[in-house]
Amino acid sequence: MDIGAIVKSLGRLWAVLSALAVVCGCQVGSEPRQRVGEFFGSPVGMTFLEPEDLGRHRYSAGFGEKNGMVYTCRGGFIDIGHVREAADRTAYLAGVSYEKLMAKEEVFSFRVIEPSRYWVKISYPENWDGMSEGQRFAIADEVSICLGQYFAHTSLIWHEILTWYGFSSVGIFPENISSFSWEDSYSDLLGTHLAVEALAGNGGRFDEVMTRLIDERLDAIEVQSAKVSRRTARQIKGKWYTGGLYFLVDMKKRNFDVGLDDGYITPVLVEGVGVCADSEPEPCPVPSLELFWRYGFGMEVEIEPLTLQKGSIYRTAGVKEAGVRLRPDVHFPKILARIEGDGG
């Protein structure tokens, strides 16, 4: 292992740890915080942001971060709160993964925001113990970012499933009105990709790099002013949804694309936005474990729901035994097919 590779790996690891570092009293290893997302049909209205005034990304709570909705010509509506939370989930889970890999833990679990526990079983490369510490460090550093994005993406799909069945993040009203809304999945996936880029040796602390990357990515997919975003939102009212008082909202359009079919999530664009007339949607690839497998690792992931909606979800997935955990690779396609059939 040459010194240059070690230095590069240290830089990437510092980026991971900086997301969990002491910021405004936040302890190292703290879980990411939840952002309250926007939703169409909100009785209190929606916040539309100016692209040049998004504030500073903050992993920890504090002043300066702004969340709300923007419209982009190539990515449709983007919920900035979803982007930020997805990025923080990715950073946190990359840190968890690195710690477990370096300890060579074959079975571990974690929780992230929603009341569910994820169980992970990992098999290591045959020559893992024979590698130098530097080699294991470099591989774990690279692979942990890959795992962090995969776990984050999985958890965000799970969030949409939970809310479809009536789970509420804030514990008051069920969130099925906004479940699988047309902007959520793409915004979430975008956030995981930005986190990967921020963690992969871009220099600077995680919050600082994420602040810059969000601005750059929105520019790339042709972000529009708050005025255009607001006008575009008015165009879909009465077509994509009706009503404006929470329980009276009828969602007529959703986006059930989570990338299970072709490995991409394609954004939903609004037709008739004059400034976007010549723009094409920009699909975003879902996380791949190719790098993880290439190094000789193996893995099984299971989810243990800890919510009242567990029974309904299990029946949909065809799981009859109470003690059985859900496997995303096996049960998500079944659950999503049923959900899309019910709500598509």
# chains A, B, ... in the order shown; residues from 1 in each chain; ligands from 1

$ residues_around --residues "Met210 (chain A)" --least-positions-apart "2" --cutoff "9 Å" --atoms "only C-alpha atoms" --output "list of chain:residue names"
A:Arg56, A:His57, A:Arg58, A:Arg84, A:Ala87, A:Leu194, A:Ala195, A:Glu197, A:Ala198, A:Arg205, A:Phe206, A:Asp207, A:Glu208, A:Arg212, A:Leu213, A:Ile214, A:Asp215

$ select_by_dssp --residues "region 114-179 of chain A" --states "strand (DSSP E)" --output "count of residues only"
10

$ atom_distance --atom1 "CA of Asp88 (chain A)" --atom2 "CA of Leu156 (chain A)"
11.8 Å

$ closest_atom_pairs --of "region 226-324 of chain A" --to "region 338-343 of chain A" --cutoff "12 Å" --atoms "only C-alpha atoms" --output "tab-separated table"
residue	atom	partner	partner_atom	distance
A:Asp250	CA	A:Gly343	CA	11.0
A:Met251	CA	A:Gly343	CA	9.0
A:Lys252	CA	A:Gly343	CA	8.5
A:Lys253	CA	A:Gly343	CA	8.6
A:Arg254	CA	A:Gly343	CA	7.9
A:Asn255	CA	A:Glu340	CA	9.0
A:Phe256	CA	A:Glu340	CA	6.5
A:Asp257	CA	A:Glu340	CA	9.5
A:Val258	CA	A:Glu340	CA	11.4
A:Ser312	CA	A:Ile339	CA	11.7
A:Ile313	CA	A:Ile339	CA	10.2
A:Arg315	CA	A:Arg338	CA	10.8
A:Thr316	CA	A:Arg338	CA	7.1
A:Ala317	CA	A:Arg338	CA	8.7
A:Gly318	CA	A:Arg338	CA	11.0

$ write_last_selection --atoms "N, CA and C atoms" --output "CSV table (one decimal), in the first residue's frame"
chain,number,residue,atom,x,y,z
A,250,ASP,N,-57.0,14.5,-2.5
A,250,ASP,CA,-57.0,13.3,-3.3
A,250,ASP,C,-55.9,13.3,-4.3
A,251,MET,N,-54.9,12.4,-4.0
A,251,MET,CA,-53.7,12.3,-4.8
A,251,MET,C,-54.0,11.5,-6.1
A,252,LYS,N,-54.0,12.1,-7.2
A,252,LYS,CA,-54.4,11.4,-8.4
A,252,LYS,C,-53.1,10.9,-9.2
A,253,LYS,N,-52.0,11.4,-8.8
A,253,LYS,CA,-50.7,11.0,-9.4
A,253,LYS,C,-49.6,10.8,-8.4
A,254,ARG,N,-48.9,9.7,-8.5
A,254,ARG,CA,-47.8,9.4,-7.7
A,254,ARG,C,-46.7,8.8,-8.5
A,255,ASN,N,-45.5,8.7,-7.9
A,255,ASN,CA,-44.4,8.1,-8.6
A,255,ASN,C,-43.8,6.9,-7.9
A,256,PHE,N,-44.2,5.7,-8.4
A,256,PHE,CA,-43.8,4.5,-7.7
A,256,PHE,C,-42.4,3.9,-8.2
A,257,ASP,N,-41.7,4.7,-9.0
A,257,ASP,CA,-40.4,4.3,-9.5
A,257,ASP,C,-39.4,4.5,-8.5
A,258,VAL,N,-38.8,3.3,-8.0
A,258,VAL,CA,-37.7,3.3,-7.0
A,258,VAL,C,-36.5,2.6,-7.6
A,312,SER,N,-50.0,-5.2,8.5
A,312,SER,CA,-50.5,-5.0,7.1
A,312,SER,C,-49.4,-5.2,6.1
A,313,ILE,N,-48.2,-4.7,6.4
A,313,ILE,CA,-47.1,-4.9,5.5
A,313,ILE,C,-46.7,-6.3,5.3
A,315,ARG,N,-48.7,-8.9,5.7
A,315,ARG,CA,-49.7,-9.6,4.8
A,315,ARG,C,-49.5,-9.3,3.4
A,316,THR,N,-49.1,-8.0,3.1
A,316,THR,CA,-48.9,-7.7,1.7
A,316,THR,C,-47.7,-8.4,1.1
A,317,ALA,N,-46.7,-8.6,1.9
A,317,ALA,CA,-45.4,-9.3,1.5
A,317,ALA,C,-45.6,-10.8,1.5
A,318,GLY,N,-46.7,-11.3,2.0
A,318,GLY,CA,-46.9,-12.7,2.1
A,318,GLY,C,-46.1,-13.4,3.2

$ select_by_dssp --residues "region 236-325 of chain A" --states "helix (DSSP H, G or I)" --output "compact mmCIF listing (two decimals) with N, CA and C atoms, in the first residue's frame"
# COMPACT_ATOMS: atom_id res chain seq x y z
N ILE A 236 -50.47 22.02 -11.73
CA ILE A 236 -50.82 20.62 -11.49
C ILE A 236 -51.96 20.46 -10.49
N TYR A 246 -55.62 18.80 4.18
CA TYR A 246 -55.06 17.49 4.49
C TYR A 246 -55.95 16.28 4.21
N PHE A 247 -56.98 16.03 5.03
CA PHE A 247 -57.78 14.82 4.88
C PHE A 247 -58.68 14.84 3.64
N LEU A 248 -58.81 16.00 3.02
CA LEU A 248 -59.66 16.11 1.83
C LEU A 248 -58.85 16.06 0.54
N GLY A 274 -42.92 26.70 -19.94
CA GLY A 274 -42.30 27.30 -21.11
C GLY A 274 -40.79 27.35 -21.10
N VAL A 275 -40.19 27.71 -19.96
CA VAL A 275 -38.73 27.83 -19.89
C VAL A 275 -38.05 26.47 -19.98
N CYS A 276 -38.83 25.39 -19.82
CA CYS A 276 -38.26 24.03 -19.84
C CYS A 276 -38.69 23.26 -21.10
N GLU A 290 -21.93 -3.36 -6.79
CA GLU A 290 -20.94 -4.02 -7.64
C GLU A 290 -19.55 -3.96 -7.04
N LEU A 291 -19.16 -2.78 -6.53
CA LEU A 291 -17.84 -2.64 -5.92
C LEU A 291 -17.70 -3.56 -4.71
N PHE A 292 -18.74 -3.64 -3.91
CA PHE A 292 -18.75 -4.48 -2.72
C PHE A 292 -18.52 -5.94 -3.09
N TRP A 293 -19.26 -6.42 -4.09
CA TRP A 293 -19.09 -7.81 -4.52
C TRP A 293 -17.71 -8.03 -5.13
N ARG A 294 -17.23 -7.03 -5.88
CA ARG A 294 -15.95 -7.18 -6.58
C ARG A 294 -14.80 -7.43 -5.62
N LYS A 310 -46.91 -2.98 10.95
CA LYS A 310 -46.17 -4.20 10.63
C LYS A 310 -47.08 -5.30 10.07
N GLY A 311 -48.24 -5.52 10.69
CA GLY A 311 -49.12 -6.60 10.28
C GLY A 311 -49.61 -6.43 8.85
N SER A 312 -50.02 -5.22 8.49
CA SER A 312 -50.51 -4.96 7.14
C SER A 312 -49.40 -5.16 6.11
N ILE A 313 -48.21 -4.71 6.44
CA ILE A 313 -47.10 -4.85 5.51
C ILE A 313 -46.72 -6.32 5.35
N TYR A 314 -46.72 -7.06 6.44
CA TYR A 314 -46.39 -8.48 6.36
C TYR A 314 -47.41 -9.24 5.50
N ARG A 315 -48.67 -8.92 5.65
CA ARG A 315 -49.69 -9.59 4.83
C ARG A 315 -49.48 -9.28 3.36
N THR A 316 -49.14 -8.05 3.05
CA THR A 316 -48.88 -7.67 1.67
C THR A 316 -47.67 -8.42 1.12
N ALA A 317 -46.66 -8.60 1.95
CA ALA A 317 -45.43 -9.28 1.51
C ALA A 317 -45.57 -10.79 1.51

$ closest_residue --among "A:Phe137, A:Trp182, A:Trp164, A:Phe110" --to "Tyr98 (chain A)" --atoms "only C-alpha atoms"
A:Phe137

$ residues_around --residues "Thr47 (chain A)" --least-positions-apart "6" --cutoff "10 Å" --atoms "only C-alpha atoms" --output "PyMOL selection string"
chain A and resi 37-39+66-70+79+226+230

$ residues_around --residues "region 122-128 of chain A" --least-positions-apart "4" --cutoff "8 Å" --atoms "only C-alpha atoms" --output "VMD selection string"
chain A and resid 104 to 107 136 295 to 300

$ write_last_selection --atoms "C-alpha atoms" --output "PDB file, in the first residue's frame"
ATOM      1  CA  LYS A 104     -14.800  -7.467  11.085  1.00  0.00           C
ATOM      2  CA  GLU A 105     -18.263  -7.799  12.551  1.00  0.00           C
ATOM      3  CA  GLU A 106     -20.172 -10.438  10.645  1.00  0.00           C
ATOM      4  CA  VAL A 107     -23.586  -9.530  12.063  1.00  0.00           C
ATOM      5  CA  ARG A 136      -8.052  -3.258   4.925  1.00  0.00           C
ATOM      6  CA  TYR A 295     -13.836  -7.065  -3.445  1.00  0.00           C
ATOM      7  CA  GLY A 296     -15.199 -10.471  -2.447  1.00  0.00           C
ATOM      8  CA  PHE A 297     -17.740  -9.467   0.189  1.00  0.00           C
ATOM      9  CA  GLY A 298     -21.195 -10.986   0.560  1.00  0.00           C
ATOM     10  CA  MET A 299     -24.194  -9.574   2.405  1.00  0.00           C
ATOM     11  CA  GLU A 300     -27.778 -10.163   3.493  1.00  0.00           C
TER      12      GLU A 300
END

$ residues_around --residues "Gly272 (chain A)" --least-positions-apart "2" --cutoff "12 Å" --atoms "only C-alpha atoms" --output "compact mmCIF listing (two decimals) with C-alpha atoms, in the first residue's frame"
# COMPACT_ATOMS: atom_id res chain seq x y z
CA CYS A 73 -36.44 21.47 -15.87
CA VAL A 228 -41.58 29.69 -11.81
CA ARG A 231 -46.52 28.87 -11.04
CA THR A 232 -45.68 25.29 -12.03
CA ALA A 233 -47.24 23.99 -8.81
CA ARG A 234 -50.45 25.82 -9.66
CA GLN A 235 -50.51 24.07 -13.04
CA ILE A 236 -50.82 20.62 -11.49
CA LEU A 269 -41.75 16.55 -15.28
CA VAL A 270 -44.63 18.98 -15.68
CA GLY A 274 -42.30 27.30 -21.11
CA VAL A 275 -38.73 27.83 -19.89
CA CYS A 276 -38.26 24.03 -19.84
CA ALA A 277 -39.78 23.30 -23.25
CA ASP A 278 -36.67 21.64 -24.72
CA SER A 279 -35.50 19.86 -21.55

$ closest_residue --among "A:Leu190, A:Ala322, A:Val196, A:Ala91" --to "Arg217 (chain A)" --atoms "only C-alpha atoms"
A:Leu190

$ atom_distance --atom1 "CA of Pro333 (chain A)" --atom2 "CA of Leu101 (chain A)"
28.6 Å

$ closest_residue --among "A:Val209, A:Leu308, A:Ile157, A:Val273" --to "Tyr59 (chain A)" --atoms "only C-alpha atoms"
A:Val209

$ closest_residue --among "A:Pro328, A:Gly76, A:Pro51, A:Gly45" --to "Ser225 (chain A)" --atoms "only C-alpha atoms"
A:Pro51

$ residues_around --residues "Pro267 (chain A)" --least-positions-apart "4" --cutoff "12 Å" --atoms "only C-alpha atoms" --output "JSON list (two decimals) with C-alpha atoms, in the first residue's frame"
[["chain", "number", "residue", "atom", "x", "y", "z"],
["A", 71, "TYR", "CA", -38.71, 23.12, -9.69],
["A", 72, "THR", "CA", -36.05, 21.99, -12.14],
["A", 73, "CYS", "CA", -36.44, 21.47, -15.87],
["A", 74, "ARG", "CA", -34.64, 18.11, -15.88],
["A", 75, "GLY", "CA", -35.51, 16.77, -12.41],
["A", 76, "GLY", "CA", -39.03, 18.04, -11.87],
["A", 77, "PHE", "CA", -39.93, 19.18, -8.37],
["A", 78, "ILE", "CA", -37.11, 18.75, -5.85],
["A", 181, "SER", "CA", -45.35, 11.62, -4.24],
["A", 182, "TRP", "CA", -43.83, 12.55, -7.58],
["A", 183, "GLU", "CA", -40.83, 14.39, -6.09],
["A", 184, "ASP", "CA", -39.83, 12.27, -3.08],
["A", 185, "SER", "CA", -37.95, 9.29, -4.50],
["A", 186, "TYR", "CA", -35.93, 11.33, -6.98],
["A", 187, "SER", "CA", -35.07, 13.96, -4.36],
["A", 188, "ASP", "CA", -33.98, 11.21, -1.95],
["A", 189, "LEU", "CA", -31.80, 9.47, -4.50],
["A", 190, "LEU", "CA", -30.23, 12.76, -5.55],
["A", 221, "ILE", "CA", -30.67, 20.06, -13.83],
["A", 254, "ARG", "CA", -47.78, 9.38, -7.67],
["A", 255, "ASN", "CA", -44.36, 8.12, -8.65],
["A", 256, "PHE", "CA", -43.76, 4.48, -7.70],
["A", 257, "ASP", "CA", -40.44, 4.32, -9.54],
["A", 258, "VAL", "CA", -37.73, 3.34, -7.03],
["A", 259, "GLY", "CA", -35.37, 1.83, -9.60],
["A", 280, "GLU", "CA", -35.42, 16.09, -21.14],
["A", 281, "PRO", "CA", -35.71, 14.25, -17.79],
["A", 282, "GLU", "CA", -32.42, 13.12, -16.31],
["A", 283, "PRO", "CA", -32.72, 9.61, -14.81],
["A", 284, "CYS", "CA", -30.61, 8.95, -11.72],
["A", 285, "PRO", "CA", -29.00, 5.53, -11.09]]

$ closest_residue --among "A:Asp262, A:Glu52, A:Glu304, A:Asp329" --to "Glu114 (chain A)" --atoms "only C-alpha atoms"
A:Glu304
